Amino acid sequence: MTRMAVIDFETTGISPEQGARATEVAIVLVEQGRIVDRYQSLMNAGVRIPPFITQLTGISNAMVAGAPPAALVMREASHFVGEVPLVAHNASFDRKFWVGEMARAGEPAPQAFACTLLLARRLYPQAPNHKLGTLVDLHGLRRTGAAHRALADAEMAAELLLRMQHDLRQRYRLTTVDHPLLVTLQRCQRHEVHRLMAAHAQAA
DNA sequence: TGCCAGGCCCTCTTTAGGGCCTT
């Protein structure tokens, strides 16, 4: 079983500690090399969206005013994810909002996170940069919607994750690339990637 | 009104500084 849940939040700012809240969440389930399910919802956290965020994401105060309460959306998201491990691009960002919004909703958030940004820095050091859009274009992956909307960004991150799994399977002749292996890989130093993966392939 | 983060990672480093990445 190599099921993973790729998540993306749109928010009112960078830092929950500074009062930023989520405005939209999307979660894409991937399994056996493909996307198998999706969840997406705007959410109303009762805070104003700064104008430049509306310009960036297209998500307005009016849109969020008509959305379900944040706690309800997060309970649905919790049910959708279950115990499946999570993946995000720059996961330290999405993890803060996942944990913070789940706490507000009274839900546990025990899931481990893997990070496609940290993985991309190790697997594709030649990339011009490691922004999600750049990596998607670099690999000729699908863009399914407007960037900076949660579902489109989650699907792009999912396509990138699938590409990384494919590349690792090919390079090291592996049958599966699971979440614990990705977490181990993202924590190792760049110059140790090959040695670590070769040792893993040997043991597999 | 004005201000605001933090972990990773490189290097002209390690008694530090600054760019990257997310909204």
# chains A, B, ... in the order shown; residues from 1 in each chain; ligands from 1

call {"tool": "select_by_dssp", "arguments": {"residues": "stretch 83-127 of chain A", "states": "strand (DSSP E)", "output": "PyMOL selection string"}}
result
chain A and resi 86-88+113-115

call {"tool": "write_last_selection", "arguments": {"atoms": "N, CA, C and O atoms", "output": "mmCIF file, in the first residue's frame"}}
result
data_model
loop_
_atom_site.group_PDB
_atom_site.id
_atom_site.type_symbol
_atom_site.label_atom_id
_atom_site.label_comp_id
_atom_site.auth_asym_id
_atom_site.auth_seq_id
_atom_site.Cartn_x
_atom_site.Cartn_y
_atom_site.Cartn_z
ATOM 1 N N LEU A 86 0.556 12.456 4.595
ATOM 2 C CA LEU A 86 0.365 13.640 3.766
ATOM 3 C C LEU A 86 1.650 14.047 3.032
ATOM 4 O O LEU A 86 2.757 13.716 3.446
ATOM 5 N N VAL A 87 1.444 14.766 1.948
ATOM 6 C CA VAL A 87 2.539 15.309 1.138
ATOM 7 C C VAL A 87 2.131 16.722 0.737
ATOM 8 O O VAL A 87 0.965 16.967 0.424
ATOM 9 N N ALA A 88 3.096 17.660 0.750
ATOM 10 C CA ALA A 88 2.812 19.017 0.275
ATOM 11 C C ALA A 88 4.085 19.628 -0.286
ATOM 12 O O ALA A 88 5.197 19.174 0.032
ATOM 13 N N PHE A 113 4.136 14.247 7.394
ATOM 14 C CA PHE A 113 4.228 15.004 6.139
ATOM 15 C C PHE A 113 5.525 14.675 5.407
ATOM 16 O O PHE A 113 6.589 14.620 6.019
ATOM 17 N N ALA A 114 5.416 14.509 4.094
ATOM 18 C CA ALA A 114 6.596 14.533 3.225
ATOM 19 C C ALA A 114 6.525 15.807 2.394
ATOM 20 O O ALA A 114 5.451 16.378 2.198
ATOM 21 N N CYS A 115 7.688 16.263 1.903
ATOM 22 C CA CYS A 115 7.771 17.569 1.262
ATOM 23 C C CYS A 115 8.381 17.460 -0.131
ATOM 24 O O CYS A 115 9.549 17.082 -0.281
#

call {"tool": "residues_around", "arguments": {"residues": "A:Ile49", "least_positions_apart": "6", "cutoff": "8 Å", "atoms": "only C-alpha atoms (C1' of nucleotides)", "output": "MDAnalysis selection string"}}
result
chainID A and resid 12 60:61

call {"tool": "write_last_selection", "arguments": {"atoms": "N, CA, C and O atoms", "output": "tab-separated table (two decimals), in the first residue's frame"}}
result
chain	number	residue	atom	x	y	z
A	12	THR	N	-4.88	33.39	4.25
A	12	THR	CA	-4.90	34.86	4.24
A	12	THR	C	-3.51	35.44	4.44
A	12	THR	O	-3.35	36.67	4.43
A	60	SER	N	-12.04	35.74	-2.95
A	60	SER	CA	-12.48	37.03	-2.40
A	60	SER	C	-13.23	36.83	-1.07
A	60	SER	O	-13.63	35.72	-0.72
A	61	ASN	N	-13.44	37.94	-0.37
A	61	ASN	CA	-14.24	37.89	0.86
A	61	ASN	C	-15.65	37.39	0.57
A	61	ASN	O	-16.23	36.66	1.38

call {"tool": "residues_around", "arguments": {"residues": "A:Glu83", "least_positions_apart": "6", "cutoff": "10 Å", "atoms": "only C-alpha atoms (C1' of nucleotides)", "output": "mmCIF file with all heavy atoms, in the first residue's frame"}}
result
data_model
loop_
_atom_site.group_PDB
_atom_site.id
_atom_site.type_symbol
_atom_site.label_atom_id
_atom_site.label_comp_id
_atom_site.auth_asym_id
_atom_site.auth_seq_id
_atom_site.Cartn_x
_atom_site.Cartn_y
_atom_site.Cartn_z
ATOM 1 N N MET A 4 -1.031 7.953 -0.606
ATOM 2 C CA MET A 4 -0.624 9.208 0.018
ATOM 3 C C MET A 4 -1.661 10.271 -0.325
ATOM 4 O O MET A 4 -2.344 10.184 -1.344
ATOM 5 C CB MET A 4 0.749 9.670 -0.479
ATOM 6 C CG MET A 4 1.866 8.667 -0.201
ATOM 7 S SD MET A 4 3.466 9.291 -0.739
ATOM 8 C CE MET A 4 4.320 7.730 -1.040
ATOM 9 N N ALA A 5 -1.739 11.310 0.536
ATOM 10 C CA ALA A 5 -2.692 12.401 0.330
ATOM 11 C C ALA A 5 -1.915 13.696 0.134
ATOM 12 O O ALA A 5 -1.217 14.145 1.043
ATOM 13 C CB ALA A 5 -3.625 12.513 1.534
ATOM 14 N N ALA A 109 -4.477 15.603 14.458
ATOM 15 C CA ALA A 109 -3.742 15.758 13.196
ATOM 16 C C ALA A 109 -2.436 14.982 13.295
ATOM 17 O O ALA A 109 -1.356 15.573 13.328
ATOM 18 C CB ALA A 109 -3.487 17.237 12.910
ATOM 19 N N PRO A 110 -2.538 13.651 13.342
ATOM 20 C CA PRO A 110 -1.338 12.839 13.611
ATOM 21 C C PRO A 110 -0.520 12.495 12.365
ATOM 22 O O PRO A 110 0.540 11.895 12.472
ATOM 23 C CB PRO A 110 -1.948 11.545 14.185
ATOM 24 C CG PRO A 110 -3.262 11.410 13.440
ATOM 25 C CD PRO A 110 -3.754 12.834 13.236
ATOM 26 N N GLN A 111 -1.007 12.916 11.195
ATOM 27 C CA GLN A 111 -0.387 12.449 9.963
ATOM 28 C C GLN A 111 1.040 12.986 9.786
ATOM 29 O O GLN A 111 1.311 14.147 10.060
ATOM 30 C CB GLN A 111 -1.229 12.869 8.743
ATOM 31 C CG GLN A 111 -2.639 12.304 8.718
ATOM 32 C CD GLN A 111 -3.625 13.117 9.543
ATOM 33 O OE1 GLN A 111 -3.270 14.103 10.198
ATOM 34 N NE2 GLN A 111 -4.877 12.697 9.535
ATOM 35 N N ALA A 112 1.930 12.127 9.272
ATOM 36 C CA ALA A 112 3.284 12.564 8.914
ATOM 37 C C ALA A 112 3.231 13.288 7.571
ATOM 38 O O ALA A 112 2.361 13.009 6.734
ATOM 39 C CB ALA A 112 4.209 11.356 8.819
#

call {"tool": "residues_around", "arguments": {"residues": "stretch 130-143 of chain A", "least_positions_apart": "2", "cutoff": "7 Å", "atoms": "only C-alpha atoms (C1' of nucleotides)", "output": "number ranges by chain"}}
result
A: 89, 117, 120-121, 127, 145, 156-157, 159-160; B: 21

call {"tool": "write_last_selection", "arguments": {"atoms": "N, CA and C atoms (P, O5', C5', C4', C3', O3' and C1' of nucleotides)", "output": "mmCIF file, in the first residue's frame"}}
result
data_model
loop_
_atom_site.group_PDB
_atom_site.id
_atom_site.type_symbol
_atom_site.label_atom_id
_atom_site.label_comp_id
_atom_site.auth_asym_id
_atom_site.auth_seq_id
_atom_site.Cartn_x
_atom_site.Cartn_y
_atom_site.Cartn_z
ATOM 1 N N HIS A 89 3.921 20.661 -1.122
ATOM 2 C CA HIS A 89 5.085 21.382 -1.637
ATOM 3 C C HIS A 89 5.406 22.515 -0.666
ATOM 4 N N LEU A 117 9.167 19.894 -2.043
ATOM 5 C CA LEU A 117 10.219 20.909 -2.229
ATOM 6 C C LEU A 117 11.574 20.357 -1.782
ATOM 7 N N ALA A 120 12.623 17.678 -4.197
ATOM 8 C CA ALA A 120 13.045 18.209 -5.500
ATOM 9 C C ALA A 120 14.455 18.783 -5.431
ATOM 10 N N ARG A 121 14.806 19.409 -4.300
ATOM 11 C CA ARG A 121 16.168 19.948 -4.175
ATOM 12 C C ARG A 121 17.206 18.836 -4.228
ATOM 13 N N ALA A 127 17.512 21.974 -11.570
ATOM 14 C CA ALA A 127 16.351 22.810 -11.906
ATOM 15 C C ALA A 127 16.694 24.287 -11.689
ATOM 16 N N GLY A 145 -5.660 23.543 -13.783
ATOM 17 C CA GLY A 145 -6.498 24.682 -13.405
ATOM 18 C C GLY A 145 -5.638 25.876 -13.088
ATOM 19 N N MET A 156 -1.072 19.600 -9.147
ATOM 20 C CA MET A 156 0.290 19.760 -9.674
ATOM 21 C C MET A 156 1.300 19.097 -8.757
ATOM 22 N N ALA A 157 1.137 19.278 -7.444
ATOM 23 C CA ALA A 157 2.057 18.649 -6.490
ATOM 24 C C ALA A 157 1.937 17.123 -6.565
ATOM 25 N N GLU A 159 1.093 15.391 -9.278
ATOM 26 C CA GLU A 159 1.780 14.970 -10.512
ATOM 27 C C GLU A 159 3.293 14.969 -10.300
ATOM 28 N N LEU A 160 3.791 15.963 -9.557
ATOM 29 C CA LEU A 160 5.227 16.018 -9.269
ATOM 30 C C LEU A 160 5.641 14.845 -8.384
ATOM 31 P P DC B 21 13.171 28.391 -5.046
ATOM 32 O "O5'" DC B 21 11.807 28.454 -4.221
ATOM 33 C "C5'" DC B 21 11.179 27.243 -3.844
ATOM 34 C "C4'" DC B 21 10.199 27.485 -2.721
ATOM 35 C "C3'" DC B 21 8.932 28.241 -3.077
ATOM 36 O "O3'" DC B 21 7.984 27.319 -3.591
ATOM 37 C "C1'" DC B 21 9.724 28.671 -0.833
#

call {"tool": "residues_around", "arguments": {"residues": "A:Thr184", "least_positions_apart": "3", "cutoff": "10 Å", "atoms": "only C-alpha atoms (C1' of nucleotides)", "output": "JSON, numbers by chain"}}
result
{"A": [114, 119, 179, 180, 181, 187, 188, 193, 196, 197]}

call {"tool": "write_last_selection", "arguments": {"atoms": "N, CA and C atoms", "output": "short mmCIF file (atom, residue, chain, number, x, y, z; two decimals), in the first residue's frame"}}
result
data_model
loop_
_atom_site.label_atom_id
_atom_site.label_comp_id
_atom_site.auth_asym_id
_atom_site.auth_seq_id
_atom_site.Cartn_x
_atom_site.Cartn_y
_atom_site.Cartn_z
N ALA A 114 5.42 14.51 4.09
CA ALA A 114 6.60 14.53 3.23
C ALA A 114 6.52 15.81 2.39
N LEU A 119 12.39 17.25 -1.44
CA LEU A 119 12.74 16.13 -2.33
C LEU A 119 13.27 16.63 -3.66
N HIS A 179 5.96 6.36 1.62
CA HIS A 179 6.07 7.62 2.36
C HIS A 179 7.26 7.65 3.31
N PRO A 180 7.49 6.58 4.10
CA PRO A 180 8.66 6.61 5.00
C PRO A 180 9.98 6.78 4.24
N LEU A 181 10.08 6.18 3.06
CA LEU A 181 11.31 6.34 2.27
C LEU A 181 11.47 7.80 1.82
N ARG A 187 15.29 14.13 4.40
CA ARG A 187 16.07 14.54 5.57
C ARG A 187 17.57 14.33 5.37
N CYS A 188 17.97 13.55 4.37
CA CYS A 188 19.40 13.30 4.19
C CYS A 188 20.04 14.45 3.44
N VAL A 193 22.29 11.28 -1.11
CA VAL A 193 21.09 10.71 -1.72
C VAL A 193 21.40 9.39 -2.42
N LEU A 196 22.32 6.53 -0.01
CA LEU A 196 21.15 6.09 0.76
C LEU A 196 20.22 5.25 -0.11
N MET A 197 19.96 5.73 -1.33
CA MET A 197 19.02 5.02 -2.20
C MET A 197 19.61 3.70 -2.68
#

call {"tool": "interface_residues", "arguments": {"of": "chain B", "to": "chain A", "cutoff": "8 Å", "atoms": "only C-alpha atoms (C1' of nucleotides)", "output": "short mmCIF file (atom, residue, chain, number, x, y, z; two decimals) with all heavy atoms, in the first residue's frame"}}
result
data_model
loop_
_atom_site.label_atom_id
_atom_site.label_comp_id
_atom_site.auth_asym_id
_atom_site.auth_seq_id
_atom_site.Cartn_x
_atom_site.Cartn_y
_atom_site.Cartn_z
P DC B 4 8.31 44.21 9.74
OP1 DC B 4 9.74 44.14 10.06
OP2 DC B 4 7.85 44.46 8.36
"O5'" DC B 4 7.60 42.86 10.23
"C5'" DC B 4 7.50 42.60 11.61
"C4'" DC B 4 6.55 41.44 11.84
"O4'" DC B 4 5.21 41.85 11.53
"C3'" DC B 4 6.86 40.24 10.94
"O3'" DC B 4 6.80 39.06 11.73
"C2'" DC B 4 5.74 40.27 9.91
"C1'" DC B 4 4.60 40.85 10.74
N1 DC B 4 3.53 41.48 9.92
C2 DC B 4 2.21 41.14 10.17
O2 DC B 4 1.97 40.34 11.08
N3 DC B 4 1.23 41.69 9.43
C4 DC B 4 1.54 42.56 8.47
N4 DC B 4 0.54 43.08 7.77
C5 DC B 4 2.88 42.93 8.19
C6 DC B 4 3.84 42.37 8.94
P DA B 5 7.97 37.97 11.55
OP1 DA B 5 8.31 37.52 12.90
OP2 DA B 5 8.99 38.55 10.64
"O5'" DA B 5 7.27 36.77 10.76
"C5'" DA B 5 6.07 36.20 11.28
"C4'" DA B 5 6.22 34.69 11.34
"O4'" DA B 5 6.24 34.14 10.01
"C3'" DA B 5 7.51 34.23 12.00
"O3'" DA B 5 7.21 33.04 12.71
"C2'" DA B 5 8.46 33.99 10.82
"C1'" DA B 5 7.50 33.55 9.72
N9 DA B 5 7.85 33.99 8.38
C8 DA B 5 8.35 35.21 8.02
N7 DA B 5 8.52 35.34 6.71
C5 DA B 5 8.10 34.12 6.20
C6 DA B 5 8.02 33.62 4.89
N6 DA B 5 8.36 34.31 3.82
N1 DA B 5 7.56 32.36 4.72
C2 DA B 5 7.20 31.67 5.79
N3 DA B 5 7.23 32.03 7.08
C4 DA B 5 7.69 33.28 7.20
P DG B 7 11.33 26.78 12.66
OP1 DG B 7 10.26 26.30 13.53
OP2 DG B 7 12.52 27.45 13.23
"O5'" DG B 7 11.82 25.56 11.77
"C5'" DG B 7 10.91 24.93 10.88
"C4'" DG B 7 11.59 24.65 9.57
"O4'" DG B 7 11.69 25.87 8.80
"C3'" DG B 7 13.02 24.12 9.70
"O3'" DG B 7 13.11 22.92 8.95
"C2'" DG B 7 13.90 25.24 9.16
"C1'" DG B 7 12.94 25.93 8.17
N9 DG B 7 13.26 27.32 7.92
C8 DG B 7 13.53 28.31 8.84
N7 DG B 7 13.77 29.46 8.29
C5 DG B 7 13.65 29.23 6.92
C6 DG B 7 13.80 30.11 5.82
O6 DG B 7 14.08 31.32 5.84
N1 DG B 7 13.59 29.47 4.61
C2 DG B 7 13.28 28.13 4.47
N2 DG B 7 13.12 27.69 3.23
N3 DG B 7 13.14 27.29 5.49
C4 DG B 7 13.33 27.91 6.68
P DC B 8 14.43 22.10 8.86
OP1 DC B 8 14.00 20.70 8.84
OP2 DC B 8 15.38 22.61 9.85
"O5'" DC B 8 14.99 22.47 7.42
"C5'" DC B 8 14.14 22.27 6.28
"C4'" DC B 8 14.82 22.80 5.06
"O4'" DC B 8 14.89 24.24 5.14
"C3'" DC B 8 16.26 22.30 4.85
"O3'" DC B 8 16.36 21.84 3.52
"C2'" DC B 8 17.11 23.54 5.11
"C1'" DC B 8 16.17 24.66 4.70
N1 DC B 8 16.43 25.97 5.32
C2 DC B 8 16.60 27.08 4.48
O2 DC B 8 16.55 26.93 3.26
N3 DC B 8 16.84 28.29 5.04
C4 DC B 8 16.89 28.42 6.37
N4 DC B 8 17.11 29.63 6.88
C5 DC B 8 16.70 27.29 7.24
C6 DC B 8 16.48 26.10 6.68
P DC B 21 13.17 28.39 -5.05
OP1 DC B 21 13.51 26.99 -5.38
OP2 DC B 21 13.07 29.40 -6.11
"O5'" DC B 21 11.81 28.45 -4.22
"C5'" DC B 21 11.18 27.24 -3.84
"C4'" DC B 21 10.20 27.48 -2.72
"O4'" DC B 21 10.78 28.29 -1.68
"C3'" DC B 21 8.93 28.24 -3.08
"O3'" DC B 21 7.98 27.32 -3.59
"C2'" DC B 21 8.50 28.83 -1.73
"C1'" DC B 21 9.72 28.67 -0.83
N1 DC B 21 10.14 29.89 -0.11
C2 DC B 21 10.09 29.89 1.29
O2 DC B 21 9.71 28.88 1.88
N3 DC B 21 10.46 30.99 1.96
C4 DC B 21 10.86 32.08 1.28
N4 DC B 21 11.22 33.15 1.99
C5 DC B 21 10.93 32.11 -0.13
C6 DC B 21 10.56 31.00 -0.79
P DT B 22 6.61 27.83 -4.20
OP1 DT B 22 6.10 26.72 -5.03
OP2 DT B 22 6.79 29.17 -4.78
"O5'" DT B 22 5.66 27.98 -2.94
"C5'" DT B 22 5.20 26.83 -2.22
"C4'" DT B 22 4.54 27.26 -0.94
"O4'" DT B 22 5.52 27.84 -0.07
"C3'" DT B 22 3.51 28.38 -1.11
"O3'" DT B 22 2.27 27.81 -1.47
"C2'" DT B 22 3.48 28.99 0.29
"C1'" DT B 22 4.91 28.74 0.82
N1 DT B 22 5.74 29.96 0.92
C2 DT B 22 6.26 30.33 2.14
O2 DT B 22 6.06 29.70 3.14
N3 DT B 22 6.99 31.49 2.14
C4 DT B 22 7.25 32.29 1.06
O4 DT B 22 7.91 33.31 1.17
C5 DT B 22 6.68 31.84 -0.20
C7 DT B 22 6.92 32.65 -1.46
C6 DT B 22 5.97 30.71 -0.22
P DT B 23 1.26 28.65 -2.40
OP1 DT B 23 0.20 27.72 -2.80
OP2 DT B 23 2.04 29.37 -3.42
"O5'" DT B 23 0.65 29.76 -1.42
"C5'" DT B 23 -0.13 29.35 -0.29
"C4'" DT B 23 -0.65 30.56 0.45
"O4'" DT B 23 0.47 31.32 0.96
"C3'" DT B 23 -1.39 31.57 -0.39
"O3'" DT B 23 -2.75 31.19 -0.51
"C2'" DT B 23 -1.25 32.84 0.43
"C1'" DT B 23 0.14 32.68 1.03
N1 DT B 23 1.19 33.46 0.32
C2 DT B 23 1.46 34.75 0.73
O2 DT B 23 0.87 35.28 1.64
N3 DT B 23 2.44 35.38 0.03
C4 DT B 23 3.17 34.87 -1.02
O4 DT B 23 4.03 35.53 -1.58
C5 DT B 23 2.83 33.52 -1.40
C7 DT B 23 3.56 32.86 -2.55
C6 DT B 23 1.87 32.89 -0.72
#

call {"tool": "residues_around", "arguments": {"residues": "A:Ala203", "least_positions_apart": "2", "cutoff": "12 Å", "atoms": "only C-alpha atoms (C1' of nucleotides)", "output": "MDAnalysis selection string"}}
result
chainID A and resid 172:174 196:201

call {"tool": "residues_around", "arguments": {"residues": "stretch 30-46 of chain A", "least_positions_apart": "4", "cutoff": "10 Å", "atoms": "only C-alpha atoms (C1' of nucleotides)", "output": "ChimeraX atom specification"}}
result
/A:1-12,20-26,59,61,63-74,76-77,80-81,101,149-152,154-155,158-159,161-163,165-166,176-177

call {"tool": "write_last_selection", "arguments": {"atoms": "C-alpha atoms", "output": "PDB file, in the first residue's frame"}}
result
ATOM      1  CA  MET A   1       0.000   0.000   0.000  1.00  0.00           C
ATOM      2  CA  THR A   2       1.553   3.302  -1.071  1.00  0.00           C
ATOM      3  CA  ARG A   3      -1.466   5.583  -0.714  1.00  0.00           C
ATOM      4  CA  MET A   4      -0.624   9.208   0.018  1.00  0.00           C
ATOM      5  CA  ALA A   5      -2.692  12.401   0.330  1.00  0.00           C
ATOM      6  CA  VAL A   6      -1.311  15.518  -1.360  1.00  0.00           C
ATOM      7  CA  ILE A   7      -2.604  18.684   0.285  1.00  0.00           C
ATOM      8  CA  ASP A   8      -2.592  22.387  -0.517  1.00  0.00           C
ATOM      9  CA  PHE A   9      -4.001  25.320   1.464  1.00  0.00           C
ATOM     10  CA  GLU A  10      -4.844  28.819   0.290  1.00  0.00           C
ATOM     11  CA  THR A  11      -4.644  31.205   3.243  1.00  0.00           C
ATOM     12  CA  THR A  12      -4.896  34.862   4.237  1.00  0.00           C
ATOM     13  CA  ALA A  20      -3.356  33.959   9.120  1.00  0.00           C
ATOM     14  CA  ARG A  21      -6.192  31.487   8.474  1.00  0.00           C
ATOM     15  CA  ALA A  22      -7.021  29.031   5.726  1.00  0.00           C
ATOM     16  CA  THR A  23      -9.483  30.069   3.003  1.00  0.00           C
ATOM     17  CA  GLU A  24      -9.440  26.912   0.858  1.00  0.00           C
ATOM     18  CA  VAL A  25      -8.122  23.373   1.115  1.00  0.00           C
ATOM     19  CA  ALA A  26      -7.670  20.643  -1.481  1.00  0.00           C
ATOM     20  CA  ILE A  59     -10.393  34.087  -3.619  1.00  0.00           C
ATOM     21  CA  ASN A  61     -14.237  37.892   0.860  1.00  0.00           C
ATOM     22  CA  MET A  63     -16.572  33.836  -1.988  1.00  0.00           C
ATOM     23  CA  VAL A  64     -15.501  32.866   1.532  1.00  0.00           C
ATOM     24  CA  ALA A  65     -18.606  34.456   3.094  1.00  0.00           C
ATOM     25  CA  GLY A  66     -20.729  31.918   1.218  1.00  0.00           C
ATOM     26  CA  ALA A  67     -18.498  28.962   2.139  1.00  0.00           C
ATOM     27  CA  PRO A  68     -19.030  26.444   4.970  1.00  0.00           C
ATOM     28  CA  PRO A  69     -17.438  27.175   8.378  1.00  0.00           C
ATOM     29  CA  ALA A  70     -13.742  26.283   8.623  1.00  0.00           C
ATOM     30  CA  ALA A  71     -14.336  23.732  11.388  1.00  0.00           C
ATOM     31  CA  LEU A  72     -16.882  21.848   9.284  1.00  0.00           C
ATOM     32  CA  VAL A  73     -14.546  21.764   6.292  1.00  0.00           C
ATOM     33  CA  MET A  74     -11.632  20.561   8.404  1.00  0.00           C
ATOM     34  CA  GLU A  76     -14.623  16.661   6.358  1.00  0.00           C
ATOM     35  CA  ALA A  77     -10.957  16.882   5.373  1.00  0.00           C
ATOM     36  CA  PHE A  80     -11.293  12.203   3.861  1.00  0.00           C
ATOM     37  CA  VAL A  81      -7.609  11.771   4.799  1.00  0.00           C
ATOM     38  CA  GLU A 101      -7.036  24.456  11.685  1.00  0.00           C
ATOM     39  CA  ARG A 149      -6.097  27.716  -6.262  1.00  0.00           C
ATOM     40  CA  ALA A 150      -5.940  24.779  -3.874  1.00  0.00           C
ATOM     41  CA  LEU A 151      -7.124  21.981  -6.156  1.00  0.00           C
ATOM     42  CA  ALA A 152      -4.943  22.993  -9.110  1.00  0.00           C
ATOM     43  CA  ALA A 154      -2.599  20.022  -5.072  1.00  0.00           C
ATOM     44  CA  GLU A 155      -2.980  18.245  -8.418  1.00  0.00           C
ATOM     45  CA  ALA A 158       0.514  15.187  -6.924  1.00  0.00           C
ATOM     46  CA  GLU A 159       1.780  14.970 -10.512  1.00  0.00           C
ATOM     47  CA  LEU A 161       5.114  13.391  -6.503  1.00  0.00           C
ATOM     48  CA  LEU A 162       4.179  10.695  -9.035  1.00  0.00           C
ATOM     49  CA  ARG A 163       7.061  11.803 -11.263  1.00  0.00           C
ATOM     50  CA  GLN A 165       8.279   8.110  -7.431  1.00  0.00           C
ATOM     51  CA  HIS A 166       8.658   7.090 -11.080  1.00  0.00           C
ATOM     52  CA  THR A 176       7.611   0.825  -4.525  1.00  0.00           C
ATOM     53  CA  VAL A 177       8.598   4.233  -3.171  1.00  0.00           C
TER      54      VAL A 177
END

call {"tool": "atom_distance", "arguments": {"atom1": "atom CA of A:Arg171", "atom2": "atom CA of A:Val183"}}
result
18.0 Å
